[in-house]
Amino acid sequence: MSRDAAHYSPRVLELFVQLPGADALAAGAGAMASGEAIALDRGAWIRFEVRIEGGRIVDCVFRAWGCPHTLAAAAWVATEIRNGGIAGGAAIDASRLMRELGAPAEKMGRLLVVEDALRALLDRARALQ
Amino acid sequence: MSRDAAHYSPRVLELFVQLPGADALAAGAGAMASGEAIALDRGAWIRFEVRIEGGRIVDCVFRAWGCPHTLAAAAWVATEIRNGGIAGGAAIDASRLMRELGAPAEKMGRLLVVEDALRALLDRARALQ
Amino acid sequence: MGDSQPIYLDHAATAPLDPRVAAIMSECLSDPALQANPASAHAPGRAAAARIEGARAQVARLINAPPESIVFTSGATESVNLAILGAARAAGAAGRGLRHVVTSRIEHRAGLVACRQLEREGFEVTWLKPTADGRIDAAAVAEALRPDTALVSLMHANNETGALTDIDAVAACCRDRGVVFHTDAAQSAGKVPIDVVASGVALLSFCAHKLGGPKGIGALYVRRRPRPALQALQFGGGHEGGLRSGTLATHQVIGFGAACALASGAIAQDAARIRALRDRLWLGLQGAAPLWRNGAAESSLPAILNVGFAGIEGESLLLELDGRLAVSSGAACASATAEPSYVLRSLGRSDEAIQASLRLSLGRGTTATEIDRAARILVDGVRRLRSALPAGALERIA
Amino acid sequence: MGDSQPIYLDHAATAPLDPRVAAIMSECLSDPALQANPASAHAPGRAAAARIEGARAQVARLINAPPESIVFTSGATESVNLAILGAARAAGAAGRGLRHVVTSRIEHRAGLVACRQLEREGFEVTWLKPTADGRIDAAAVAEALRPDTALVSLMHANNETGALTDIDAVAACCRDRGVVFHTDAAQSAGKVPIDVVASGVALLSFCAHKLGGPKGIGALYVRRRPRPALQALQFGGGHEGGLRSGTLATHQVIGFGAACALASGAIAQDAARIRALRDRLWLGLQGAAPLWRNGAAESSLPAILNVGFAGIEGESLLLELDGRLAVSSGAACASATAEPSYVLRSLGRSDEAIQASLRLSLGRGTTATEIDRAARILVDGVRRLRSALPAGALERIA
Ligand SMILES: Cc1ncc(COP(=O)(O)O)c(C=O)c1O
Ligand SMILES: Cc1ncc(COP(=O)(O)O)c(C=O)c1O
């Protein structure tokens, strides 16, 4: 377990400090969908929520318990979905998270939990489209 | 083996520095006697010489190879004999040397070699009296 | 990491060198009269040796031991190994058939891994479990003793929770049964009063760097009468009564002595002040409730507060604190490897609770201002991370 | 003992700390940014660890080793024990049945007594004899090797005579036979060039205080490929790749690194200067003839002159020199016990000749003025003691 700021990529550090989207969905119209994955033994618990209006995702937030890479991954995924919708989310998997965040190999397990939560979200969101 | 000046009594140090009587007998009349004891394995080799005039010891010198206590003991014995003659010498044994010099127990073996040389000297000197 | 030094609350890993000790050591390092080998018989060697014997007396005084009973080592790890491996191997080799050792599951790795090594060498080890508040019962020790018990080894103060063992009681029961008792006092020496004569321990390990002295020097107290048999770990010139060969490091020994002398005079006062600061810290941390304390509040070192924060992930908390607060996590207390703490595990904590825990350890230099700032940093950090938690996590991560 | 410092010609026992190293260490001791435990994961811990890794590279460079192959220890005694006990126990425990060790009769006590311990543990040890000039022949090593040989351990430079072993030749023959070769380079490191890669030794021990660094820190070089199996001497946090647990002493490691860096750049120059001074000393001592040299003049360290004076008793000579000249006698070279040197004995010297011998060892700080004064003091002292000799003693004590 490394806690050296120098061992985290600048992107992870920025996302960790700001945690963009670590929030509740703002009140609004339309439908809501969520996706959650819990793996305490692997050190990660992530929940995504989206609001869908007119078949399009108009907001995406997350909640997470996990290491800095996990939190940064969740924040990054939420931002991608906010900007790119379901298509944006569908283009993401754990390997891409590893690359985007410059995460070390031992973090793969946790980022797979993020991917699980993302997949669960996208399944529900697609069902609501 | 201690080489700490502080571990030698002031008397040993003084005798070691001056080595009084570490000399050849001055030329003169009368008879000469000597006593020698050699114990290389015990670390001591002592030779006493006296000049006897009119039945009395008029000079005593020594030669020695040994530790500071051995050299000091030889010097002290020679001085005692110079001053006290055979009677003076006869009053000396290794135990007395230990006391006079404040020698540690492990030096007893060497001081017994000094005593041996002294005994040999006194035997010869008595024979010449 | 900012430009200024973080607040240091990791004194149990190592205490900063006391500036007075640093000054004495620096002087010694550049003193032409103290450069010789203290084992040399010549005058400069004797000068160094004389200073070492002075320091030995200072070190001995800290635990009320006679100076001749102090063996200098390279640190607590070596002392603990010399005690455990040394006593067991001597007992095993003596043909007395004593091949049983009693220890606990919450020892520092030095003791723990030394005992594992004894298992590899054919010894049988009884691993005592701590009580829920992290202490080893003297009664449990008495029960574990067998006719073939060579050694009991228990730490005096636990390095993660601060929990104290009643070494007087253990020593008494070992003495009655003729068993050698070793205690690892690396954390307690200089922090709580220790009197080896009154308690009757056979072997006691400690080191300088936990009490304001230099790293890389420690001591093993070896009772004189009766004297426990010990096999050396390293052999050579026969220094330290044959128990620990190797040139003594004059400046290190002198620094250790100075640190012990300073500690000896200040234990009661330091302990009271530090305990008050720890209580203040605990109070300040209530702003980060729900939280819990690992280990007993009573009969523990005044300087250690091991605390867990519900809903917190350890690595994120440490990054949150990085550069502002230097503390140890529940996952790795200044060891070279990182795993969930086996100490907290044996107190019955879940792995989630362990990684949500921090060991905060105070020292002589810790100030009330630092404590208040540290509490604020911790409370703010915990709150920020909790603000991102999924519903239910606060309850489940605890 | 006078008020001024005696002339120090005992650098083989320990060299004075280089003032530049002392300054670096003092700075480190009082630097608030270097106080943490280098094993701690927090920022100040990492700062200390970074300095340690810098020093490791400096230490490695002295012997042309990769930094990862350096294990820090508390000194050469520990390094030698870790190498010898560690390699033999690992080979013995591995069930490979390798229970034979080759060493010599002129090893430093660290190696000698470690090998005696191996004998107690059931190993068979071949004790090679030196040639008359104090060297161990590589050919004799080759002859001693057996199919069950686990380890060859030979010192690089002898601490009493300075005689050098051809470690390249020994390493080559061990490599061919798949035997681990350890060399004790405590005396040679920083004095003569060493290249572990070129020579192919498996294990090499050295320490800081013989080359201008602090006492209480040493290193063991452990070849990476193939890596000799080693059992640790002390167990714990798993520092130094698991080979040597225990908190690293930052200031000690940094001092060691600085001393190695200084030595690395100065070996050739220092060696030439010191060899010239030693030759000047030998010349100056001719005034005390009859005298003899113990050990070879060639293939030996430039800094050591082991000389015997006919007809001299060692303790008296040392008292004669006390406070004016700091040297080691043939009877006890900075060991904690005093016996006639087994090294000189195994060169065939009589006990009388051994005790009449002195080891004069020069260092970086030695000046021509000191050498001339030392020669005068020795010649005068020898002459004074000889003036009291019985007839025939000059011939018999030699
Ligand atoms: C209880 C205990 N024992 C032993 C040690 C080992 O000390 P060192 O690393 O100085 O050898 C420590 C410190 O890490 C400790 O806390
Ligand atoms: C050849 C040799 N090996 C080992 C040692 C032991 O060194 P230390 O006493 O620093 O452990 C010495 C120095 O005394 C030595 O000269």
# chains A, B, ... in the order shown; residues from 1 in each chain; ligands from 1
call {"tool": "interface_residues", "arguments": {"of": "chain C", "to": "chain B", "cutoff": "10 Å", "atoms": "only C-alpha atoms", "output": "ChimeraX atom specification"}}
result
/C:41-43,46
call {"tool": "select_by_dssp", "arguments": {"residues": "segment 199-312 of chain C", "states": "helix (DSSP H, G or I)", "output": "PyMOL selection string"}}
result
chain C and resi 199+240-242+250-264+267-288
call {"tool": "write_last_selection", "arguments": {"atoms": "N, CA and C atoms", "output": "CSV table (one decimal), in the first residue's frame"}}
result
chain,number,residue,atom,x,y,z
C,199,SER,N,11.4,-6.2,39.7
C,199,SER,CA,10.5,-7.1,39.0
C,199,SER,C,11.1,-8.5,38.8
C,240,GLU,N,31.6,-7.3,25.1
C,240,GLU,CA,30.4,-7.4,25.8
C,240,GLU,C,30.2,-8.8,26.5
C,241,GLY,N,31.3,-9.2,27.2
C,241,GLY,CA,31.3,-10.4,27.9
C,241,GLY,C,31.0,-11.6,27.0
C,242,GLY,N,31.4,-11.5,25.7
C,242,GLY,CA,31.3,-12.7,24.8
C,242,GLY,C,29.9,-12.8,24.2
C,250,THR,N,31.4,4.2,19.8
C,250,THR,CA,31.5,5.1,20.9
C,250,THR,C,30.4,6.2,20.9
C,251,HIS,N,30.3,6.9,19.8
C,251,HIS,CA,29.3,8.0,19.7
C,251,HIS,C,27.9,7.5,19.9
C,252,GLN,N,27.6,6.3,19.4
C,252,GLN,CA,26.3,5.7,19.6
C,252,GLN,C,26.0,5.4,21.1
C,253,VAL,N,27.0,4.8,21.7
C,253,VAL,CA,26.8,4.4,23.1
C,253,VAL,C,26.6,5.7,23.9
C,254,ILE,N,27.5,6.7,23.7
C,254,ILE,CA,27.4,7.9,24.4
C,254,ILE,C,26.0,8.6,24.2
C,255,GLY,N,25.5,8.6,23.0
C,255,GLY,CA,24.2,9.2,22.7
C,255,GLY,C,23.1,8.4,23.4
C,256,PHE,N,23.2,7.1,23.5
C,256,PHE,CA,22.2,6.3,24.2
C,256,PHE,C,22.3,6.6,25.7
C,257,GLY,N,23.5,6.7,26.2
C,257,GLY,CA,23.6,7.0,27.6
C,257,GLY,C,23.0,8.4,27.9
C,258,ALA,N,23.3,9.4,27.1
C,258,ALA,CA,22.8,10.7,27.3
C,258,ALA,C,21.2,10.7,27.3
C,259,ALA,N,20.7,10.0,26.3
C,259,ALA,CA,19.2,10.0,26.2
C,259,ALA,C,18.6,9.3,27.4
C,260,CYS,N,19.2,8.2,27.9
C,260,CYS,CA,18.7,7.5,29.1
C,260,CYS,C,18.7,8.5,30.3
C,261,ALA,N,19.9,9.2,30.4
C,261,ALA,CA,20.0,10.1,31.5
C,261,ALA,C,18.9,11.2,31.5
C,262,LEU,N,18.6,11.7,30.3
C,262,LEU,CA,17.6,12.7,30.2
C,262,LEU,C,16.2,12.1,30.5
C,263,ALA,N,16.0,10.9,30.0
C,263,ALA,CA,14.7,10.2,30.2
C,263,ALA,C,14.5,9.9,31.7
C,264,SER,N,15.6,9.4,32.3
C,264,SER,CA,15.5,9.0,33.7
C,264,SER,C,14.9,10.1,34.6
C,267,ILE,N,10.6,11.0,33.4
C,267,ILE,CA,9.6,10.0,33.1
C,267,ILE,C,8.2,10.5,33.6
C,268,ALA,N,8.1,10.8,35.0
C,268,ALA,CA,6.9,11.1,35.6
C,268,ALA,C,6.2,12.4,34.9
C,269,GLN,N,7.1,13.4,34.8
C,269,GLN,CA,6.6,14.6,34.2
C,269,GLN,C,6.2,14.5,32.8
C,270,ASP,N,7.1,13.9,32.0
C,270,ASP,CA,6.7,13.6,30.6
C,270,ASP,C,5.4,12.9,30.4
C,271,ALA,N,5.3,11.8,31.2
C,271,ALA,CA,4.2,10.9,31.1
C,271,ALA,C,2.9,11.7,31.4
C,272,ALA,N,2.9,12.5,32.4
C,272,ALA,CA,1.7,13.2,32.7
C,272,ALA,C,1.3,14.2,31.6
C,273,ARG,N,2.3,14.9,31.1
C,273,ARG,CA,2.0,15.9,30.1
C,273,ARG,C,1.5,15.2,28.8
C,274,ILE,N,2.2,14.1,28.5
C,274,ILE,CA,1.8,13.5,27.2
C,274,ILE,C,0.5,12.8,27.3
C,275,ARG,N,0.2,12.2,28.5
C,275,ARG,CA,-1.1,11.6,28.7
C,275,ARG,C,-2.2,12.7,28.5
C,276,ALA,N,-2.0,13.9,29.1
C,276,ALA,CA,-3.0,15.0,29.0
C,276,ALA,C,-3.2,15.4,27.5
C,277,LEU,N,-2.0,15.4,26.8
C,277,LEU,CA,-2.1,15.8,25.3
C,277,LEU,C,-2.9,14.7,24.6
C,278,ARG,N,-2.6,13.4,24.9
C,278,ARG,CA,-3.3,12.3,24.2
C,278,ARG,C,-4.8,12.4,24.5
C,279,ASP,N,-5.2,12.7,25.8
C,279,ASP,CA,-6.6,12.9,26.1
C,279,ASP,C,-7.3,14.0,25.3
C,280,ARG,N,-6.5,15.1,25.2
C,280,ARG,CA,-6.9,16.3,24.4
C,280,ARG,C,-7.2,15.9,23.0
C,281,LEU,N,-6.3,15.1,22.4
C,281,LEU,CA,-6.4,14.6,21.0
C,281,LEU,C,-7.6,13.8,20.9
C,282,TRP,N,-7.8,12.9,21.8
C,282,TRP,CA,-9.0,12.0,21.7
C,282,TRP,C,-10.3,12.8,21.8
C,283,LEU,N,-10.3,13.8,22.6
C,283,LEU,CA,-11.4,14.7,22.7
C,283,LEU,C,-11.6,15.4,21.4
C,284,GLY,N,-10.5,16.0,20.8
C,284,GLY,CA,-10.6,16.7,19.6
C,284,GLY,C,-11.1,15.8,18.5
C,285,LEU,N,-10.8,14.6,18.5
C,285,LEU,CA,-11.2,13.7,17.4
C,285,LEU,C,-12.7,13.3,17.5
C,286,GLN,N,-13.3,13.6,18.6
C,286,GLN,CA,-14.8,13.3,18.7
C,286,GLN,C,-15.6,13.9,17.5
C,287,GLY,N,-15.0,15.0,17.0
C,287,GLY,CA,-15.6,15.6,15.8
C,287,GLY,C,-15.6,14.7,14.6
C,288,ALA,N,-14.9,13.6,14.7
C,288,ALA,CA,-14.8,12.7,13.6
C,288,ALA,C,-15.6,11.4,13.9
call {"tool": "residues_near_ligand", "arguments": {"ligand": "ligand 1", "cutoff": "10 Å", "atoms": "only C-alpha atoms and all ligand atoms", "output": "VMD selection string"}}
result
(chain C and resid 11 to 14 73 to 81 106 to 112 154 to 160 162 183 to 188 205 to 210 214 to 218 333 to 335) or (chain D and resid 37 39 234 to 237 239 245 to 249)
call {"tool": "residues_around", "arguments": {"residues": "segment 83-92 of chain D", "least_positions_apart": "6", "cutoff": "8 Å", "atoms": "only C-alpha atoms", "output": "count of residues only"}}
result
22
call {"tool": "residues_around", "arguments": {"residues": "segment 44-58 of chain B", "least_positions_apart": "4", "cutoff": "7 Å", "atoms": "only C-alpha atoms", "output": "list in words"}}
result
Gly30, Ala31, Met32, Ala33, Ser34, Gly35, Glu36, Ala37, Ile38, Ala39, Leu40, Phe62, Arg63, Ala64, Trp65, Gly66, Thr70, Arg82, Gly85, Arg110, Val113, Val114, Ala117, Leu121 and Gln129 of chain B; Pro390 of chain D
call {"tool": "residues_around", "arguments": {"residues": "Phe16 of chain A", "least_positions_apart": "6", "cutoff": "7 Å", "atoms": "only C-alpha atoms", "output": "count of residues only"}}
result
3
call {"tool": "atom_distance", "arguments": {"atom1": "atom CA of Lys129 of chain C", "atom2": "atom CA of Gly330 of chain C"}}
result
18.8 Å
